[in-house]
Amino acid sequence: MKSVVDNMNGEYVLQLQHIRKEYPGVVALKDVSLEVKKGEILALIGENGAGKSTLIKTCSGAVIPTSGKIIVNGKEFSSMTPQLAAENGIAIIYQEFNNVKGLSAAENLFLGNPIRKGIMIDKKAMEREAEKAFAQLNIKINPKTLASDLTVGFQQMVEIAKAIQQNAKILIMDEPSAPLTSSEVESLFKVCELLKSKGVSIIYISHRLEEIMRLSDRIVVLRDGEYIKTLITKETNVDELIRLMVGRDLKESYPPRKNCIRDEVILELKNVTGNGDKDINLKIRKGEVLGLGGLVGAGRTELAQMIFGSARKTSGQIIFKGKEINPKSPREAIDLGIALVPEDRKRHGALLGMSIKNNINMPTYKRISKASVISSKLERETAEKYKEQLLIKTPSLNQLVKNLSGGNQQKVILAKWLAANSELIIFDEPTRGIDVGAKFEIYKLINELVENGKTVLLISSEMEELMGMSDRIIVLAEGCITGELQKDEFDQDTIMRMASNVKEA
Amino acid sequence: MKSNTIVNQIKDKAIWIVFLLMFIGFSIASPRFLSTSNLFTIARQVSMYGIAAVGMTFVILIAGIDLSAGSVITIVNIVAAYLMVNSKFSMVTATLVALLLAVAIGLLNGFLVSTIGIPAIIATFATQTIFAGASYLICGGVPIYGFDERYKVIGQGYVGPVPVPVIIMVICFAIGSFILNKTYFGRYFYAVGGNEEASKLSGIRVGAVKYLVYALAGLFSGLAGIVMLSRTNSAQPTAGLGYEFDVITCVVLGGVSVAGGFGKISNVVAGVLIIGVLTNGMVLLNVSSFTQMIVKGIVLILAVGFDCLQKKRVQN
C-alpha cells in the first residue's frame, strides 16, 4: 500500500488513488495508487498478470474500479467512461490499433470526427490538416496512403497523431514497442521525447526493461495486482527492477512427484525456425516436465503450434521418438501421439456447445466407429473411465462443456488427449483463470501423467508454477532461447533476466 | 435445474407446437383441409423440400449455406431428361449420371469454400448462376419431355395410399438423422459448426468435412431434382428456380442455427411440414399467391427473430 500524495501545487495531471478492482473470485487490483506529472514519461512494469492492463483500463473507462478515485487535473471521478476520458484528455494506444484498413492515413486521423463541408467530407482539408499533424510529430507519412499500406510503426504513429489531434494530454501506451522493428522503436522514442517536451504526459507499459531505463523518468512496479514501489529511473537499475517485479516468497504448494525421467529422448528440436521463432534447439526426455518460460509474445505458443502441426516451420528438424516428423495438421500430430492443451480454453480447447462425452471422444471417434457408426458403448465407457480417473465433477456425461467450471473444462480437454493415447502433452498456460483448488488438481494430474510414462511440455507465464512443476526450464525471449536452467538452478531473478533478455550485469 | 430442463424441452419442441396450432387452425378454417387425400397432397408437395432440406441442414450446421441447391435441381432435371430423350440412355443410367453430376457440383462448392476459401454465400451463389446458365445451354431454353411412362413412378406413384415421393422423403430424413446421430462424421458436423478452430485442434480434418457436407448437399438436391422430373414428366430450364430459398426457410424454421453447431433433423421435419401446411392451407382459403409470399416471409422473421431475441437475453 502507498500513501496518497496530495496535489498541492497542481504538479500532477493524473492521480489514481486506492484503486481496487474485484472480479468474482479474484481481486485484480488491490489498493493501487500512482500519480503522473505534467510532461513526464512514467513507466508501468510488472510480470504477466500483475494488473498493468487492468489499471490503465480504469483510466479509459473500459474497466470500472470497485473502489478508489481517479483524479484528472484536480477533477475527481469514481470511474471513467470512454467519453469522459476523451474529454479530459486521456488517450490510450492499445496493442491492437483501431484503424480502418481501407481508409487513408488522413481519414483515419479524423475517424469519427471528419472535417465536413455541408454533408460532404472535405478530403482536401483533412489531408492538409493531417500533413500538419504529422509534421508536428516529425513523422513522414503521406496522408493519402491507405492504412493497409502503412507499416505497423506508421500505423501506430497515426494512432498517436490522432490522440494528439484530439487534444490528449495524457497518453497511455500498452506495450507499444512489442510489434515494432528496432528502427521503428527509435522513431517511437523520438516521438515520445517530442511529446514530452510539449508537456504531454506518457504512461508507458513495457516488458522491455532496457527501453524503460532509457526512456522513462519514473517507474512504477506492480506485482500480483499490488502497488510495490515507485522509482526514479536515474536512481535505479535493471537488477533492482527485476527483484521488485518477482520478489515474492515461493509458497510450497506443489504436489510432490518422484523422479520419472528416463534416458530416452522423446522429442528433439534442431534449429527449428518459423512462425516467429528462430533457431530453437532443445531435447525432452521421456517422463520429464520441461517448462517453457518467457513473457507474453516470447514465441512459446508459436513453438507449440509447430510441434502440434497447427503452424508450419520453415526450416529445422523435429525428431519425435527417434524419427523426423513434419506434421502438416493437428490430426497428423495427434496420430503420432502429440497433444496440445491450448491457452485459450474456450476458443481453442473445448467444444463448448457439445457434451462432455462428445468432447472426450472427439479425436478418437473414427477409431471407435465400425463402418462409420459410432459404438455408443465404447463412447460411453471411454468418457466414464476418464471422468472417474480425472475426477470431472458433473451430474451427467451429457452435460454441455460450457456449463462446467474452468477446472473441469480443462480436465475434459485433458481427458480427450488421454483417450487418444497421447505420449507428449503440451500444456499452454494450463491453469489460467482456474481457481486454486482446481489448480492443485491439475498439478497432480500432470504428475500422474509423467509417473505413467507420459512427457509434458509446460508453457507457463506464472513464475511460481513454472518453478514448482518443471524438472528443467528453458526460457524464450523474442523467438529465441535465452537460457536453460536445471532444477537446482531455478531462481526468479535469473528467469526474469532471461525472459527480459537482459545481459548479465 | 429441473424446471430449467423442462423449459428447455418445451423450447426444443416449440416448432412442433407451432405446427400443431397451425394444423388445428386450418382444420377449423377449412373443412377440406383435414381429409386424408389433402394430407397426402401436402406431404407430396413438401417432399422435394424435405429431401433437399436434409443436405441443407448439414450445410447450415457447419455454418455454411448452399445457394446452388435450386440450380442443382434444374440441371439434374435437364441432364437426366436429355440423356434419356436425346442420348437414349436407360432410365437408371441417366438418373445415376445426373446424380453424379449433382455430387460433383457439391464437391466443386466444397473446393471453393474449403480449399480456395471463398465465403460460402458467394461461392454457392456463383455456382448457382453457372449451372442455371449451363441448364439453358443444354436444353436450348426449351423443356425436354417425352420419356418412358415408367419414370413417373418416382414422383407420381403410390405404395398403398402413400405417395412414393413421401416415402423417399421419409427415407432421406431417416438417413439424415442417422448420419447426425450415429456416425462419427455426423458428430464432426456439429463440432466444425460449433467451433472450427477447436475442431481442427481436436484432430478433425475440417477441410474434408466441408467437402463431404457440400457433396451430400449436392446429392440430396439432386434426389429432389429427380423426384421433380418424374412428377412433372418434363424437364424445365426453370425447374429449380428460387428453390434454395424455400429449402433454407424450412431448415431455419426447423431451428438449425445459421451460426452453425445446433439443430436436428426431427425439428427440420416440422419446419418442412409448416411450410407445406401453410401453403396448402392458404390455397384452400383462397389466399392469393402474392399474399402467401408475404406471409411466408413474416413467418421466417418471427421464427428466427424469436430465437435471436432469446440468445440476446441469455447474453445479457
# chains A, B, ... in the order shown; residues from 1 in each chain; ligands from 1
>>> select_by_dssp(residues="region 206-276 of chain B", states="alpha helix (DSSP H)", output="ChimeraX atom specification")
/B:206-232,243-253,265-276
>>> write_last_selection(atoms="N, CA and C atoms", output="compact mmCIF listing (two decimals), in the first residue's frame")
# COMPACT_ATOMS: atom_id res chain seq x y z
N VAL B 206 -10.97 -30.47 -40.98
CA VAL B 206 -12.10 -29.60 -41.26
C VAL B 206 -12.37 -29.49 -42.76
N GLY B 207 -11.29 -29.42 -43.54
CA GLY B 207 -11.45 -29.31 -44.99
C GLY B 207 -12.22 -30.49 -45.57
N ALA B 208 -11.84 -31.69 -45.15
CA ALA B 208 -12.51 -32.88 -45.66
C ALA B 208 -13.98 -32.89 -45.25
N VAL B 209 -14.26 -32.44 -44.03
CA VAL B 209 -15.65 -32.40 -43.56
C VAL B 209 -16.48 -31.48 -44.46
N LYS B 210 -15.89 -30.35 -44.84
CA LYS B 210 -16.64 -29.41 -45.69
C LYS B 210 -16.92 -30.02 -47.07
N TYR B 211 -15.92 -30.67 -47.65
CA TYR B 211 -16.14 -31.34 -48.94
C TYR B 211 -17.30 -32.32 -48.81
N LEU B 212 -17.26 -33.13 -47.76
CA LEU B 212 -18.29 -34.15 -47.58
C LEU B 212 -19.68 -33.52 -47.47
N VAL B 213 -19.76 -32.47 -46.67
CA VAL B 213 -21.06 -31.84 -46.44
C VAL B 213 -21.63 -31.24 -47.72
N TYR B 214 -20.78 -30.53 -48.48
CA TYR B 214 -21.31 -29.92 -49.70
C TYR B 214 -21.65 -31.01 -50.74
N ALA B 215 -20.86 -32.10 -50.76
CA ALA B 215 -21.17 -33.19 -51.69
C ALA B 215 -22.52 -33.82 -51.32
N LEU B 216 -22.75 -34.04 -50.02
CA LEU B 216 -24.03 -34.59 -49.59
C LEU B 216 -25.17 -33.64 -49.93
N ALA B 217 -24.94 -32.35 -49.74
CA ALA B 217 -25.97 -31.36 -50.09
C ALA B 217 -26.30 -31.46 -51.57
N GLY B 218 -25.25 -31.62 -52.41
CA GLY B 218 -25.48 -31.79 -53.84
C GLY B 218 -26.31 -33.03 -54.11
N LEU B 219 -25.97 -34.12 -53.43
CA LEU B 219 -26.67 -35.38 -53.64
C LEU B 219 -28.16 -35.26 -53.29
N PHE B 220 -28.45 -34.68 -52.12
CA PHE B 220 -29.85 -34.58 -51.71
C PHE B 220 -30.63 -33.62 -52.63
N SER B 221 -30.01 -32.52 -53.04
CA SER B 221 -30.67 -31.64 -54.00
C SER B 221 -30.93 -32.39 -55.30
N GLY B 222 -29.94 -33.19 -55.71
CA GLY B 222 -30.08 -33.98 -56.93
C GLY B 222 -31.26 -34.94 -56.84
N LEU B 223 -31.38 -35.60 -55.69
CA LEU B 223 -32.52 -36.50 -55.48
C LEU B 223 -33.84 -35.75 -55.61
N ALA B 224 -33.89 -34.57 -55.00
CA ALA B 224 -35.10 -33.75 -55.11
C ALA B 224 -35.38 -33.43 -56.58
N GLY B 225 -34.30 -33.20 -57.33
CA GLY B 225 -34.45 -32.90 -58.76
C GLY B 225 -35.05 -34.07 -59.52
N ILE B 226 -34.58 -35.30 -59.19
CA ILE B 226 -35.10 -36.49 -59.86
C ILE B 226 -36.60 -36.65 -59.57
N VAL B 227 -36.97 -36.44 -58.30
CA VAL B 227 -38.39 -36.55 -57.93
C VAL B 227 -39.21 -35.53 -58.72
N MET B 228 -38.66 -34.33 -58.84
CA MET B 228 -39.39 -33.28 -59.57
C MET B 228 -39.56 -33.66 -61.04
N LEU B 229 -38.48 -34.18 -61.63
CA LEU B 229 -38.51 -34.57 -63.05
C LEU B 229 -39.62 -35.59 -63.28
N SER B 230 -39.68 -36.55 -62.37
CA SER B 230 -40.66 -37.61 -62.51
C SER B 230 -42.07 -37.08 -62.29
N ARG B 231 -42.19 -36.11 -61.38
CA ARG B 231 -43.51 -35.57 -61.07
C ARG B 231 -44.07 -34.75 -62.21
N THR B 232 -43.22 -33.92 -62.81
CA THR B 232 -43.70 -33.02 -63.85
C THR B 232 -43.62 -33.66 -65.23
N TYR B 243 -35.61 -22.31 -55.64
CA TYR B 243 -35.92 -23.40 -54.70
C TYR B 243 -35.11 -23.31 -53.42
N GLU B 244 -33.85 -22.86 -53.56
CA GLU B 244 -32.96 -22.86 -52.38
C GLU B 244 -33.56 -22.05 -51.24
N PHE B 245 -34.29 -20.99 -51.59
CA PHE B 245 -34.80 -20.14 -50.52
C PHE B 245 -35.88 -20.83 -49.71
N ASP B 246 -36.74 -21.59 -50.40
CA ASP B 246 -37.75 -22.35 -49.67
C ASP B 246 -37.10 -23.41 -48.79
N VAL B 247 -36.06 -24.03 -49.33
CA VAL B 247 -35.38 -25.08 -48.57
C VAL B 247 -34.70 -24.48 -47.33
N ILE B 248 -34.03 -23.34 -47.54
CA ILE B 248 -33.37 -22.68 -46.41
C ILE B 248 -34.42 -22.28 -45.37
N THR B 249 -35.57 -21.79 -45.85
CA THR B 249 -36.63 -21.41 -44.93
C THR B 249 -37.04 -22.59 -44.06
N CYS B 250 -37.24 -23.75 -44.69
CA CYS B 250 -37.62 -24.95 -43.93
C CYS B 250 -36.60 -25.27 -42.85
N VAL B 251 -35.33 -25.23 -43.23
CA VAL B 251 -34.25 -25.63 -42.31
C VAL B 251 -34.16 -24.64 -41.15
N VAL B 252 -34.22 -23.36 -41.47
CA VAL B 252 -34.09 -22.35 -40.42
C VAL B 252 -35.32 -22.36 -39.51
N LEU B 253 -36.50 -22.53 -40.13
CA LEU B 253 -37.72 -22.69 -39.32
C LEU B 253 -37.55 -23.86 -38.36
N ILE B 265 -32.55 -32.98 -37.24
CA ILE B 265 -33.42 -33.32 -38.36
C ILE B 265 -34.89 -33.34 -37.92
N SER B 266 -35.18 -33.88 -36.72
CA SER B 266 -36.58 -34.02 -36.32
C SER B 266 -37.30 -32.67 -36.34
N ASN B 267 -36.60 -31.61 -35.94
CA ASN B 267 -37.24 -30.30 -35.99
C ASN B 267 -37.31 -29.73 -37.40
N VAL B 268 -36.33 -30.11 -38.24
CA VAL B 268 -36.40 -29.68 -39.63
C VAL B 268 -37.65 -30.28 -40.30
N VAL B 269 -38.00 -31.53 -39.90
CA VAL B 269 -39.24 -32.13 -40.41
C VAL B 269 -40.41 -31.20 -40.12
N ALA B 270 -40.45 -30.68 -38.88
CA ALA B 270 -41.52 -29.75 -38.53
C ALA B 270 -41.47 -28.50 -39.38
N GLY B 271 -40.26 -28.00 -39.64
CA GLY B 271 -40.11 -26.81 -40.47
C GLY B 271 -40.67 -27.05 -41.87
N VAL B 272 -40.36 -28.23 -42.42
CA VAL B 272 -40.85 -28.58 -43.75
C VAL B 272 -42.37 -28.67 -43.74
N LEU B 273 -42.92 -29.34 -42.69
CA LEU B 273 -44.38 -29.50 -42.62
C LEU B 273 -45.09 -28.15 -42.46
N ILE B 274 -44.49 -27.26 -41.70
CA ILE B 274 -45.12 -25.95 -41.51
C ILE B 274 -45.27 -25.23 -42.85
N ILE B 275 -44.19 -25.24 -43.63
CA ILE B 275 -44.25 -24.60 -44.95
C ILE B 275 -45.33 -25.27 -45.80
N GLY B 276 -45.37 -26.61 -45.75
CA GLY B 276 -46.37 -27.34 -46.54
C GLY B 276 -47.79 -26.99 -46.11
>>> interface_residues(of="chain B", to="chain A", cutoff="10 Å", atoms="only C-alpha atoms", output="ChimeraX atom specification")
/B:178-179,181-188,190-205,261-262
>>> residues_around(residues="region 77-87 of chain B", least_positions_apart="4", cutoff="12 Å", atoms="only C-alpha atoms", output="NGL selection string")
:B and (70-73 or 91-102 or 131-149 or 151 or 221-241)
>>> closest_residue(among="A:Asn142, A:Asn447, A:Gln95, A:Thr233", to="Glu107 (chain A)", atoms="only C-alpha atoms")
A:Asn142
>>> atom_distance(atom1="CA of Ala438 (chain A)", atom2="CA of Asp488 (chain A)")
27.5 Å
>>> closest_residue(among="A:Ile266, A:Ala50, A:Ala130, A:Ile242", to="Gln165 (chain A)", atoms="only C-alpha atoms")
A:Ala130
